[in-house]
Every structure is written in C-alpha cells, then in structure tokens.
Amino acid sequence: MRRDIVKRRVGPALYEAMEPGDQIMAGALAMTGPSPAWEMLLTLPALAGSVAGAAGLFSNFSPPQPLGPVLVFVPFLFAWPLQFRRKPVFVAVTQRQFICYGMSRFGHEPSRLLFSAPLAAVRVTNLGGRMSVWGSVKYYGPGVDGRSLRLNGSRRWRKDLNEVVVALQAGGAAVDGMPPSRPPLQPGLPVGTDTPA
C-alpha cells in the first residue's frame, strides 16, 4: 500500500493522541517482532527443498527422495510463528512525544493507541540494516513494561524510519548508534507529506 495512503489513514488517530498545539515531525510504518532476517534464513531451506522436490518429480533417473518435503515443511514450521509475533505499527515523533499506534494487518487501518511517551523518557538504538531491504531500531521506554520493542522498517518505509530516529534525536531522546551531528528536521510537516509545500 502507498505510503501517503497509510499516513492519511493514521493521521486523525495520531492527532487525537497528541497534546494540544503539538506538531508531527516524522512518522513511519514498521513491523514489531524479530528481525526479518531470521524468517529469510528459515525460508531459504524451504525454497531449496521445493527446487529439489520439483527436480525429483521431473526426473525419471532418481528414486523419490523424502528429503525434499522435509526441507520444505520443517523450516515453515519455525517461520510460521514469527509471522504471528510480527505486528504492524505506526510510530510518530511530535515536538513533545513519541507515539506508537497499532495498525490492522490488512488495510493498515489504525486500530488502537499502544503508547505515547515524552521524548525525554525515550531511548532508541539504531540497528541500521543488516539486510538491504530492512532497517531496524529498538525502543526502550514507557509502554513496553521494561522490555524493548524492535521496530523493523521495510525498504519502502526505511527512509521514514530514519527520519523518525533523526527527529527523536533532535527532540532530546537518547539515540544510540547514530552520530549526534545530524541536522534536525523541519517542524510541522503533516504526516501525509514528505516535503514541505
């Protein structure tokens, strides 16, 4: 789904969670849960098993191999639970707070406010991208019961997730893994736009 549509859908929900007079600095759609790299590592043997199984079906020279179905289904048994741990959220940085809003899996409609935290209480670790497709940060602060919340941004949202980290740092949140010399974002950009008009 297009970024501008998602931002337009979540905008009213974010404005309800914001304090009066506050402005949105940056926002991004992310997936919570383990790194997508784990899922890809588990899926590769399944793909190899599919290829091996297909090769066995079309070959008259080799006897049927039970290894193909094992390579296909066993990795999916481990990868499938990761899908249930991964949930879409929209994170936004305002001039005063960090907001995390739960989104529906299909249609990316805002479902419920998960938490909002003052910027001074927020700490994130910029994990960068161990894969070219995904970028990740870990959030520590109010709303996660003393644990951390991993936020994974896909290639389409990775720039937006980087802007969230920059806006957090500019707003006074503690940001690990990023040099402090980044320029602050221009305040007051609506969620539905990428650049000022």
# chains A, B, ... in the order shown; residues from 1 in each chain; ligands from 1
>>> residues_around(residues="Ala174 of chain A", least_positions_apart="5", cutoff="8 Å", atoms="only C-alpha atoms", output="ChimeraX atom specification")
/A:120,122-124,168-169
>>> residues_around(residues="Phe98 of chain A", least_positions_apart="3", cutoff="7 Å", atoms="only C-alpha atoms", output="JSON, numbers by chain")
{"A": [92, 93, 94, 116, 117, 118, 119]}
>>> write_last_selection(atoms="C-alpha atoms", output="PDB file, in the first residue's frame")
ATOM      1  CA  ALA A  92       5.347   9.120  15.020  1.00  0.00           C
ATOM      2  CA  VAL A  93       7.547  11.735  16.627  1.00  0.00           C
ATOM      3  CA  THR A  94       5.971  15.019  17.606  1.00  0.00           C
ATOM      4  CA  SER A 116       2.790   7.580  23.890  1.00  0.00           C
ATOM      5  CA  ALA A 117       5.899   8.702  25.752  1.00  0.00           C
ATOM      6  CA  PRO A 118       7.555  12.060  26.399  1.00  0.00           C
ATOM      7  CA  LEU A 119      10.709  12.414  24.305  1.00  0.00           C
TER       8      LEU A 119
END
>>> residues_around(residues="Ala13 of chain A", least_positions_apart="2", cutoff="9 Å", atoms="only C-alpha atoms", output="list of chain:residue names")
A:Arg9, A:Val10, A:Gly11, A:Tyr15, A:Glu16, A:Ala17, A:Met18, A:Tyr101, A:Pro110, A:Ser111, A:Arg112, A:Leu113
>>> write_last_selection(atoms="all heavy atoms", output="compact mmCIF listing (two decimals), in the first residue's frame")
# COMPACT_ATOMS: atom_id res chain seq x y z
N ARG A 9 -4.49 7.73 6.48
CA ARG A 9 -5.40 6.95 7.33
C ARG A 9 -5.08 7.08 8.81
O ARG A 9 -5.96 7.13 9.65
CB ARG A 9 -5.35 5.47 6.93
CG ARG A 9 -6.04 5.18 5.64
CD ARG A 9 -5.98 3.71 5.30
NE ARG A 9 -6.69 3.45 4.06
CZ ARG A 9 -6.78 2.26 3.51
NH1 ARG A 9 -6.21 1.21 4.09
NH2 ARG A 9 -7.44 2.09 2.38
N VAL A 10 -3.79 7.11 9.14
CA VAL A 10 -3.40 7.13 10.55
C VAL A 10 -3.41 8.55 11.12
O VAL A 10 -3.45 8.74 12.34
CB VAL A 10 -2.02 6.46 10.75
CG1 VAL A 10 -0.89 7.36 10.29
CG2 VAL A 10 -1.82 6.03 12.19
N GLY A 11 -3.39 9.56 10.26
CA GLY A 11 -3.31 10.95 10.71
C GLY A 11 -4.31 11.34 11.78
O GLY A 11 -3.93 11.82 12.86
N TYR A 15 -3.51 12.58 15.69
CA TYR A 15 -3.87 13.90 16.20
C TYR A 15 -4.69 13.80 17.48
O TYR A 15 -4.60 14.67 18.35
CB TYR A 15 -4.59 14.71 15.12
CG TYR A 15 -3.66 15.16 14.02
CD1 TYR A 15 -3.86 14.76 12.70
CD2 TYR A 15 -2.55 15.95 14.30
CE1 TYR A 15 -3.00 15.15 11.70
CE2 TYR A 15 -1.67 16.34 13.30
CZ TYR A 15 -1.90 15.94 11.99
OH TYR A 15 -1.03 16.32 11.01
N GLU A 16 -5.50 12.74 17.60
CA GLU A 16 -6.25 12.53 18.84
C GLU A 16 -5.33 12.21 20.01
O GLU A 16 -5.62 12.55 21.16
CB GLU A 16 -7.26 11.39 18.67
CG GLU A 16 -8.48 11.78 17.87
CD GLU A 16 -9.48 10.64 17.76
OE1 GLU A 16 -9.39 9.66 18.54
OE2 GLU A 16 -10.35 10.72 16.89
N ALA A 17 -4.21 11.53 19.74
CA ALA A 17 -3.28 11.15 20.80
C ALA A 17 -2.31 12.27 21.17
O ALA A 17 -1.64 12.20 22.19
CB ALA A 17 -2.49 9.91 20.38
N MET A 18 -2.23 13.30 20.33
CA MET A 18 -1.28 14.38 20.56
C MET A 18 -1.79 15.40 21.56
O MET A 18 -3.00 15.55 21.76
CB MET A 18 -0.97 15.09 19.22
CG MET A 18 -0.16 14.26 18.27
SD MET A 18 -0.15 14.89 16.57
CE MET A 18 0.38 16.57 16.80
N TYR A 101 1.17 3.57 17.42
CA TYR A 101 -0.22 3.21 17.17
C TYR A 101 -0.29 1.86 16.46
O TYR A 101 0.39 1.64 15.45
CB TYR A 101 -0.88 4.28 16.28
CG TYR A 101 -2.27 4.62 16.72
CD1 TYR A 101 -2.53 5.73 17.52
CD2 TYR A 101 -3.35 3.82 16.36
CE1 TYR A 101 -3.80 6.03 17.94
CE2 TYR A 101 -4.63 4.12 16.78
CZ TYR A 101 -4.86 5.22 17.56
OH TYR A 101 -6.13 5.53 17.99
N PRO A 110 -5.66 2.28 11.41
CA PRO A 110 -5.28 2.38 12.83
C PRO A 110 -6.27 1.62 13.70
O PRO A 110 -7.48 1.73 13.52
CB PRO A 110 -5.33 3.89 13.10
CG PRO A 110 -6.12 4.48 11.99
CD PRO A 110 -6.02 3.56 10.83
N SER A 111 -5.76 0.80 14.62
CA SER A 111 -6.65 0.01 15.47
C SER A 111 -6.68 0.50 16.91
O SER A 111 -7.75 0.66 17.48
CB SER A 111 -6.26 -1.47 15.43
OG SER A 111 -4.92 -1.65 15.84
N ARG A 112 -5.50 0.76 17.51
CA ARG A 112 -5.52 1.28 18.89
C ARG A 112 -4.18 1.90 19.23
O ARG A 112 -3.13 1.52 18.71
CB ARG A 112 -5.86 0.18 19.89
CG ARG A 112 -4.81 -0.88 20.05
CD ARG A 112 -5.28 -1.97 21.01
NE ARG A 112 -4.29 -3.02 21.11
CZ ARG A 112 -3.43 -3.14 22.11
NH1 ARG A 112 -3.44 -2.28 23.10
NH2 ARG A 112 -2.57 -4.14 22.13
N LEU A 113 -4.24 2.87 20.15
CA LEU A 113 -3.04 3.51 20.65
C LEU A 113 -2.32 2.52 21.56
O LEU A 113 -2.90 2.03 22.53
CB LEU A 113 -3.39 4.78 21.41
CG LEU A 113 -2.23 5.51 22.08
CD1 LEU A 113 -1.28 6.10 21.04
CD2 LEU A 113 -2.76 6.62 22.99
>>> atom_distance(atom1="atom CA of Gly177 of chain A", atom2="atom CA of Asp4 of chain A")
28.6 Å
>>> closest_residue(among="A:Val137, A:Gly33, A:Gln95, A:Ala28", to="Leu161 of chain A", atoms="only C-alpha atoms")
A:Ala28
>>> atom_distance(atom1="atom CA of Met31 of chain A", atom2="atom CA of Pro88 of chain A")
4.5 Å
>>> select_by_dssp(residues="segment 89-134 of chain A", states="strand (DSSP E or B)", output="PDB file with all heavy atoms, in the first residue's frame")
ATOM      1  N   VAL A  89       2.737  -1.451  13.121  1.00  0.00           N
ATOM      2  CA  VAL A  89       2.502  -0.276  13.966  1.00  0.00           C
ATOM      3  C   VAL A  89       2.911   0.969  13.173  1.00  0.00           C
ATOM      4  O   VAL A  89       3.705   0.887  12.239  1.00  0.00           O
ATOM      5  CB  VAL A  89       3.298  -0.321  15.297  1.00  0.00           C
ATOM      6  CG1 VAL A  89       2.853  -1.481  16.165  1.00  0.00           C
ATOM      7  CG2 VAL A  89       4.792  -0.374  15.047  1.00  0.00           C
ATOM      8  N   PHE A  90       2.347   2.090  13.559  1.00  0.00           N
ATOM      9  CA  PHE A  90       2.797   3.358  13.005  1.00  0.00           C
ATOM     10  C   PHE A  90       3.411   4.137  14.155  1.00  0.00           C
ATOM     11  O   PHE A  90       2.769   4.330  15.184  1.00  0.00           O
ATOM     12  CB  PHE A  90       1.646   4.145  12.374  1.00  0.00           C
ATOM     13  CG  PHE A  90       2.134   5.266  11.501  1.00  0.00           C
ATOM     14  CD1 PHE A  90       2.335   5.061  10.149  1.00  0.00           C
ATOM     15  CD2 PHE A  90       2.430   6.513  12.029  1.00  0.00           C
ATOM     16  CE1 PHE A  90       2.812   6.080   9.334  1.00  0.00           C
ATOM     17  CE2 PHE A  90       2.905   7.535  11.230  1.00  0.00           C
ATOM     18  CZ  PHE A  90       3.092   7.324   9.874  1.00  0.00           C
ATOM     19  N   VAL A  91       4.660   4.543  13.981  1.00  0.00           N
ATOM     20  CA  VAL A  91       5.332   5.335  15.009  1.00  0.00           C
ATOM     21  C   VAL A  91       5.486   6.758  14.499  1.00  0.00           C
ATOM     22  O   VAL A  91       5.773   6.974  13.319  1.00  0.00           O
ATOM     23  CB  VAL A  91       6.703   4.734  15.397  1.00  0.00           C
ATOM     24  CG1 VAL A  91       6.518   3.420  16.142  1.00  0.00           C
ATOM     25  CG2 VAL A  91       7.603   4.530  14.191  1.00  0.00           C
ATOM     26  N   ALA A  92       5.238   7.711  15.390  1.00  0.00           N
ATOM     27  CA  ALA A  92       5.347   9.120  15.020  1.00  0.00           C
ATOM     28  C   ALA A  92       6.075   9.871  16.119  1.00  0.00           C
ATOM     29  O   ALA A  92       5.931   9.566  17.309  1.00  0.00           O
ATOM     30  CB  ALA A  92       3.960   9.714  14.806  1.00  0.00           C
ATOM     31  N   VAL A  93       6.853  10.848  15.699  1.00  0.00           N
ATOM     32  CA  VAL A  93       7.547  11.735  16.627  1.00  0.00           C
ATOM     33  C   VAL A  93       6.920  13.115  16.481  1.00  0.00           C
ATOM     34  O   VAL A  93       6.835  13.643  15.366  1.00  0.00           O
ATOM     35  CB  VAL A  93       9.056  11.819  16.321  1.00  0.00           C
ATOM     36  CG1 VAL A  93       9.760  12.730  17.312  1.00  0.00           C
ATOM     37  CG2 VAL A  93       9.677  10.443  16.323  1.00  0.00           C
ATOM     38  N   THR A  94       6.459  13.646  17.605  1.00  0.00           N
ATOM     39  CA  THR A  94       5.971  15.019  17.606  1.00  0.00           C
ATOM     40  C   THR A  94       7.031  15.882  18.284  1.00  0.00           C
ATOM     41  O   THR A  94       8.095  15.386  18.663  1.00  0.00           O
ATOM     42  CB  THR A  94       4.634  15.127  18.358  1.00  0.00           C
ATOM     43  OG1 THR A  94       4.859  14.987  19.759  1.00  0.00           O
ATOM     44  CG2 THR A  94       3.638  14.077  17.877  1.00  0.00           C
ATOM     45  N   GLN A  97       6.455  14.246  22.008  1.00  0.00           N
ATOM     46  CA  GLN A  97       6.268  12.846  22.388  1.00  0.00           C
ATOM     47  C   GLN A  97       6.522  11.883  21.241  1.00  0.00           C
ATOM     48  O   GLN A  97       6.580  12.280  20.076  1.00  0.00           O
ATOM     49  CB  GLN A  97       4.864  12.634  22.964  1.00  0.00           C
ATOM     50  CG  GLN A  97       3.741  13.023  22.022  1.00  0.00           C
ATOM     51  CD  GLN A  97       2.372  12.973  22.683  1.00  0.00           C
ATOM     52  OE1 GLN A  97       2.156  12.238  23.643  1.00  0.00           O
ATOM     53  NE2 GLN A  97       1.437  13.740  22.177  1.00  0.00           N
ATOM     54  N   PHE A  98       6.664  10.620  21.639  1.00  0.00           N
ATOM     55  CA  PHE A  98       6.811   9.508  20.701  1.00  0.00           C
ATOM     56  C   PHE A  98       5.535   8.689  20.808  1.00  0.00           C
ATOM     57  O   PHE A  98       5.155   8.251  21.892  1.00  0.00           O
ATOM     58  CB  PHE A  98       8.032   8.666  21.084  1.00  0.00           C
ATOM     59  CG  PHE A  98       8.289   7.494  20.179  1.00  0.00           C
ATOM     60  CD1 PHE A  98       8.600   7.686  18.849  1.00  0.00           C
ATOM     61  CD2 PHE A  98       8.244   6.202  20.660  1.00  0.00           C
ATOM     62  CE1 PHE A  98       8.861   6.610  17.999  1.00  0.00           C
ATOM     63  CE2 PHE A  98       8.503   5.116  19.837  1.00  0.00           C
ATOM     64  CZ  PHE A  98       8.815   5.329  18.498  1.00  0.00           C
ATOM     65  N   ILE A  99       4.846   8.489  19.683  1.00  0.00           N
ATOM     66  CA  ILE A  99       3.549   7.817  19.678  1.00  0.00           C
ATOM     67  C   ILE A  99       3.679   6.520  18.881  1.00  0.00           C
ATOM     68  O   ILE A  99       4.253   6.501  17.787  1.00  0.00           O
ATOM     69  CB  ILE A  99       2.461   8.700  19.048  1.00  0.00           C
ATOM     70  CG1 ILE A  99       2.325  10.010  19.825  1.00  0.00           C
ATOM     71  CG2 ILE A  99       1.128   7.970  18.982  1.00  0.00           C
ATOM     72  CD1 ILE A  99       1.445  11.045  19.140  1.00  0.00           C
ATOM     73  N   CYS A 100       3.118   5.432  19.425  1.00  0.00           N
ATOM     74  CA  CYS A 100       3.097   4.144  18.732  1.00  0.00           C
ATOM     75  C   CYS A 100       1.641   3.690  18.636  1.00  0.00           C
ATOM     76  O   CYS A 100       0.979   3.480  19.652  1.00  0.00           O
ATOM     77  CB  CYS A 100       3.935   3.114  19.497  1.00  0.00           C
ATOM     78  SG  CYS A 100       4.050   1.512  18.667  1.00  0.00           S
ATOM     79  N   TYR A 101       1.174   3.567  17.421  1.00  0.00           N
ATOM     80  CA  TYR A 101      -0.224   3.211  17.166  1.00  0.00           C
ATOM     81  C   TYR A 101      -0.285   1.861  16.461  1.00  0.00           C
ATOM     82  O   TYR A 101       0.394   1.640  15.452  1.00  0.00           O
ATOM     83  CB  TYR A 101      -0.884   4.277  16.284  1.00  0.00           C
ATOM     84  CG  TYR A 101      -2.272   4.619  16.716  1.00  0.00           C
ATOM     85  CD1 TYR A 101      -2.527   5.725  17.515  1.00  0.00           C
ATOM     86  CD2 TYR A 101      -3.353   3.818  16.361  1.00  0.00           C
ATOM     87  CE1 TYR A 101      -3.805   6.033  17.935  1.00  0.00           C
ATOM     88  CE2 TYR A 101      -4.631   4.116  16.775  1.00  0.00           C
ATOM     89  CZ  TYR A 101      -4.861   5.222  17.559  1.00  0.00           C
ATOM     90  OH  TYR A 101      -6.126   5.525  17.986  1.00  0.00           O
ATOM     91  N   GLY A 102      -1.063   0.928  16.999  1.00  0.00           N
ATOM     92  CA  GLY A 102      -1.254  -0.377  16.367  1.00  0.00           C
ATOM     93  C   GLY A 102      -2.079  -0.241  15.096  1.00  0.00           C
ATOM     94  O   GLY A 102      -3.033   0.536  15.049  1.00  0.00           O
ATOM     95  N   MET A 103      -1.707  -0.999  14.075  1.00  0.00           N
ATOM     96  CA  MET A 103      -2.405  -0.964  12.788  1.00  0.00           C
ATOM     97  C   MET A 103      -2.954  -2.351  12.464  1.00  0.00           C
ATOM     98  O   MET A 103      -2.409  -3.367  12.917  1.00  0.00           O
ATOM     99  CB  MET A 103      -1.435  -0.528  11.680  1.00  0.00           C
ATOM    100  CG  MET A 103      -0.733   0.794  11.935  1.00  0.00           C
ATOM    101  SD  MET A 103      -1.802   2.222  11.819  1.00  0.00           S
ATOM    102  CE  MET A 103      -1.836   2.435  10.040  1.00  0.00           C
ATOM    103  N   PRO A 110      -5.663   2.275  11.413  1.00  0.00           N
ATOM    104  CA  PRO A 110      -5.283   2.380  12.825  1.00  0.00           C
ATOM    105  C   PRO A 110      -6.272   1.619  13.702  1.00  0.00           C
ATOM    106  O   PRO A 110      -7.478   1.734  13.516  1.00  0.00           O
ATOM    107  CB  PRO A 110      -5.326   3.885  13.097  1.00  0.00           C
ATOM    108  CG  PRO A 110      -6.118   4.477  11.993  1.00  0.00           C
ATOM    109  CD  PRO A 110      -6.016   3.559  10.827  1.00  0.00           C
ATOM    110  N   SER A 111      -5.757   0.804  14.624  1.00  0.00           N
ATOM    111  CA  SER A 111      -6.648   0.009  15.472  1.00  0.00           C
ATOM    112  C   SER A 111      -6.678   0.502  16.910  1.00  0.00           C
ATOM    113  O   SER A 111      -7.750   0.656  17.483  1.00  0.00           O
ATOM    114  CB  SER A 111      -6.263  -1.467  15.428  1.00  0.00           C
ATOM    115  OG  SER A 111      -4.923  -1.653  15.838  1.00  0.00           O
ATOM    116  N   ARG A 112      -5.501   0.763  17.515  1.00  0.00           N
ATOM    117  CA  ARG A 112      -5.517   1.276  18.891  1.00  0.00           C
ATOM    118  C   ARG A 112      -4.178   1.901  19.235  1.00  0.00           C
ATOM    119  O   ARG A 112      -3.126   1.523  18.708  1.00  0.00           O
ATOM    120  CB  ARG A 112      -5.862   0.179  19.888  1.00  0.00           C
ATOM    121  CG  ARG A 112      -4.811  -0.882  20.050  1.00  0.00           C
ATOM    122  CD  ARG A 112      -5.276  -1.975  21.007  1.00  0.00           C
ATOM    123  NE  ARG A 112      -4.293  -3.018  21.110  1.00  0.00           N
ATOM    124  CZ  ARG A 112      -3.431  -3.140  22.109  1.00  0.00           C
ATOM    125  NH1 ARG A 112      -3.438  -2.284  23.098  1.00  0.00           N
ATOM    126  NH2 ARG A 112      -2.568  -4.137  22.128  1.00  0.00           N
ATOM    127  N   LEU A 113      -4.245   2.867  20.149  1.00  0.00           N
ATOM    128  CA  LEU A 113      -3.042   3.505  20.653  1.00  0.00           C
ATOM    129  C   LEU A 113      -2.322   2.521  21.563  1.00  0.00           C
ATOM    130  O   LEU A 113      -2.901   2.031  22.529  1.00  0.00           O
ATOM    131  CB  LEU A 113      -3.390   4.784  21.412  1.00  0.00           C
ATOM    132  CG  LEU A 113      -2.230   5.512  22.084  1.00  0.00           C
ATOM    133  CD1 LEU A 113      -1.281   6.097  21.045  1.00  0.00           C
ATOM    134  CD2 LEU A 113      -2.759   6.624  22.994  1.00  0.00           C
ATOM    135  N   LEU A 114      -1.080   2.198  21.245  1.00  0.00           N
ATOM    136  CA  LEU A 114      -0.314   1.288  22.094  1.00  0.00           C
ATOM    137  C   LEU A 114       0.357   2.049  23.230  1.00  0.00           C
ATOM    138  O   LEU A 114       0.309   1.623  24.375  1.00  0.00           O
ATOM    139  CB  LEU A 114       0.725   0.533  21.268  1.00  0.00           C
ATOM    140  CG  LEU A 114       0.149  -0.347  20.156  1.00  0.00           C
ATOM    141  CD1 LEU A 114       1.253  -1.008  19.361  1.00  0.00           C
ATOM    142  CD2 LEU A 114      -0.793  -1.393  20.740  1.00  0.00           C
ATOM    143  N   PHE A 115       0.986   3.178  22.928  1.00  0.00           N
ATOM    144  CA  PHE A 115       1.557   4.022  23.974  1.00  0.00           C
ATOM    145  C   PHE A 115       1.977   5.356  23.378  1.00  0.00           C
ATOM    146  O   PHE A 115       2.145   5.495  22.162  1.00  0.00           O
ATOM    147  CB  PHE A 115       2.749   3.352  24.669  1.00  0.00           C
ATOM    148  CG  PHE A 115       3.917   3.064  23.773  1.00  0.00           C
ATOM    149  CD1 PHE A 115       4.876   4.047  23.498  1.00  0.00           C
ATOM    150  CD2 PHE A 115       4.099   1.818  23.198  1.00  0.00           C
ATOM    151  CE1 PHE A 115       5.955   3.788  22.677  1.00  0.00           C
ATOM    152  CE2 PHE A 115       5.175   1.550  22.371  1.00  0.00           C
ATOM    153  CZ  PHE A 115       6.107   2.538  22.112  1.00  0.00           C
ATOM    154  N   SER A 116       2.133   6.326  24.250  1.00  0.00           N
ATOM    155  CA  SER A 116       2.790   7.580  23.890  1.00  0.00           C
ATOM    156  C   SER A 116       3.718   7.909  25.049  1.00  0.00           C
ATOM    157  O   SER A 116       3.391   7.654  26.209  1.00  0.00           O
ATOM    158  CB  SER A 116       1.784   8.700  23.638  1.00  0.00           C
ATOM    159  OG  SER A 116       1.091   9.024  24.808  1.00  0.00           O
ATOM    160  N   ALA A 117       4.885   8.454  24.725  1.00  0.00           N
ATOM    161  CA  ALA A 117       5.899   8.702  25.752  1.00  0.00           C
ATOM    162  C   ALA A 117       6.531  10.061  25.503  1.00  0.00           C
ATOM    163  O   ALA A 117       6.761  10.446  24.350  1.00  0.00           O
ATOM    164  CB  ALA A 117       6.965   7.612  25.700  1.00  0.00           C
ATOM    165  N   PRO A 118       6.824  10.801  26.578  1.00  0.00           N
ATOM    166  CA  PRO A 118       7.555  12.060  26.399  1.00  0.00           C
ATOM    167  C   PRO A 118       8.947  11.772  25.841  1.00  0.00           C
ATOM    168  O   PRO A 118       9.571  10.764  26.175  1.00  0.00           O
ATOM    169  CB  PRO A 118       7.614  12.645  27.811  1.00  0.00           C
ATOM    170  CG  PRO A 118       7.296  11.530  28.738  1.00  0.00           C
ATOM    171  CD  PRO A 118       6.514  10.514  27.978  1.00  0.00           C
ATOM    172  N   ARG A 123      14.419   6.120  24.685  1.00  0.00           N
ATOM    173  CA  ARG A 123      15.756   5.735  24.251  1.00  0.00           C
ATOM    174  C   ARG A 123      15.610   4.741  23.117  1.00  0.00           C
ATOM    175  O   ARG A 123      14.833   3.787  23.223  1.00  0.00           O
ATOM    176  CB  ARG A 123      16.549   5.102  25.399  1.00  0.00           C
ATOM    177  CG  ARG A 123      18.002   4.856  25.007  1.00  0.00           C
ATOM    178  CD  ARG A 123      18.823   4.309  26.164  1.00  0.00           C
ATOM    179  NE  ARG A 123      19.517   3.117  25.709  1.00  0.00           N
ATOM    180  CZ  ARG A 123      19.450   1.936  26.277  1.00  0.00           C
ATOM    181  NH1 ARG A 123      18.731   1.741  27.348  1.00  0.00           N
ATOM    182  NH2 ARG A 123      20.120   0.919  25.788  1.00  0.00           N
ATOM    183  N   VAL A 124      16.316   4.964  22.013  1.00  0.00           N
ATOM    184  CA  VAL A 124      16.296   4.019  20.908  1.00  0.00           C
ATOM    185  C   VAL A 124      17.726   3.666  20.522  1.00  0.00           C
ATOM    186  O   VAL A 124      18.643   4.456  20.709  1.00  0.00           O
ATOM    187  CB  VAL A 124      15.542   4.551  19.663  1.00  0.00           C
ATOM    188  CG1 VAL A 124      14.078   4.758  19.941  1.00  0.00           C
ATOM    189  CG2 VAL A 124      16.178   5.800  19.116  1.00  0.00           C
ATOM    190  N   THR A 125      17.881   2.468  20.030  1.00  0.00           N
ATOM    191  CA  THR A 125      19.151   2.024  19.472  1.00  0.00           C
ATOM    192  C   THR A 125      18.942   1.828  17.984  1.00  0.00           C
ATOM    193  O   THR A 125      18.073   1.050  17.577  1.00  0.00           O
ATOM    194  CB  THR A 125      19.612   0.708  20.122  1.00  0.00           C
ATOM    195  OG1 THR A 125      19.764   0.914  21.523  1.00  0.00           O
ATOM    196  CG2 THR A 125      20.925   0.246  19.538  1.00  0.00           C
ATOM    197  N   ASN A 126      19.697   2.554  17.179  1.00  0.00           N
ATOM    198  CA  ASN A 126      19.603   2.431  15.734  1.00  0.00           C
ATOM    199  C   ASN A 126      20.410   1.206  15.316  1.00  0.00           C
ATOM    200  O   ASN A 126      21.631   1.204  15.382  1.00  0.00           O
ATOM    201  CB  ASN A 126      20.131   3.703  15.062  1.00  0.00           C
ATOM    202  CG  ASN A 126      19.917   3.702  13.576  1.00  0.00           C
ATOM    203  OD1 ASN A 126      19.209   2.861  13.041  1.00  0.00           O
ATOM    204  ND2 ASN A 126      20.527   4.645  12.892  1.00  0.00           N
ATOM    205  N   LEU A 127      19.703   0.159  14.888  1.00  0.00           N
ATOM    206  CA  LEU A 127      20.365  -1.079  14.495  1.00  0.00           C
ATOM    207  C   LEU A 127      20.785  -1.045  13.028  1.00  0.00           C
ATOM    208  O   LEU A 127      21.461  -1.956  12.568  1.00  0.00           O
ATOM    209  CB  LEU A 127      19.437  -2.278  14.730  1.00  0.00           C
ATOM    210  CG  LEU A 127      18.948  -2.451  16.170  1.00  0.00           C
ATOM    211  CD1 LEU A 127      17.922  -3.565  16.255  1.00  0.00           C
ATOM    212  CD2 LEU A 127      20.109  -2.709  17.102  1.00  0.00           C
ATOM    213  N   GLY A 128      20.374   0.008  12.321  1.00  0.00           N
ATOM    214  CA  GLY A 128      20.713   0.103  10.908  1.00  0.00           C
ATOM    215  C   GLY A 128      20.017  -0.991  10.139  1.00  0.00           C
ATOM    216  O   GLY A 128      18.924  -1.411  10.483  1.00  0.00           O
TER     217      GLY A 128
END
>>> atom_distance(atom1="atom CA of Met25 of chain A", atom2="atom CA of Arg156 of chain A")
18.6 Å
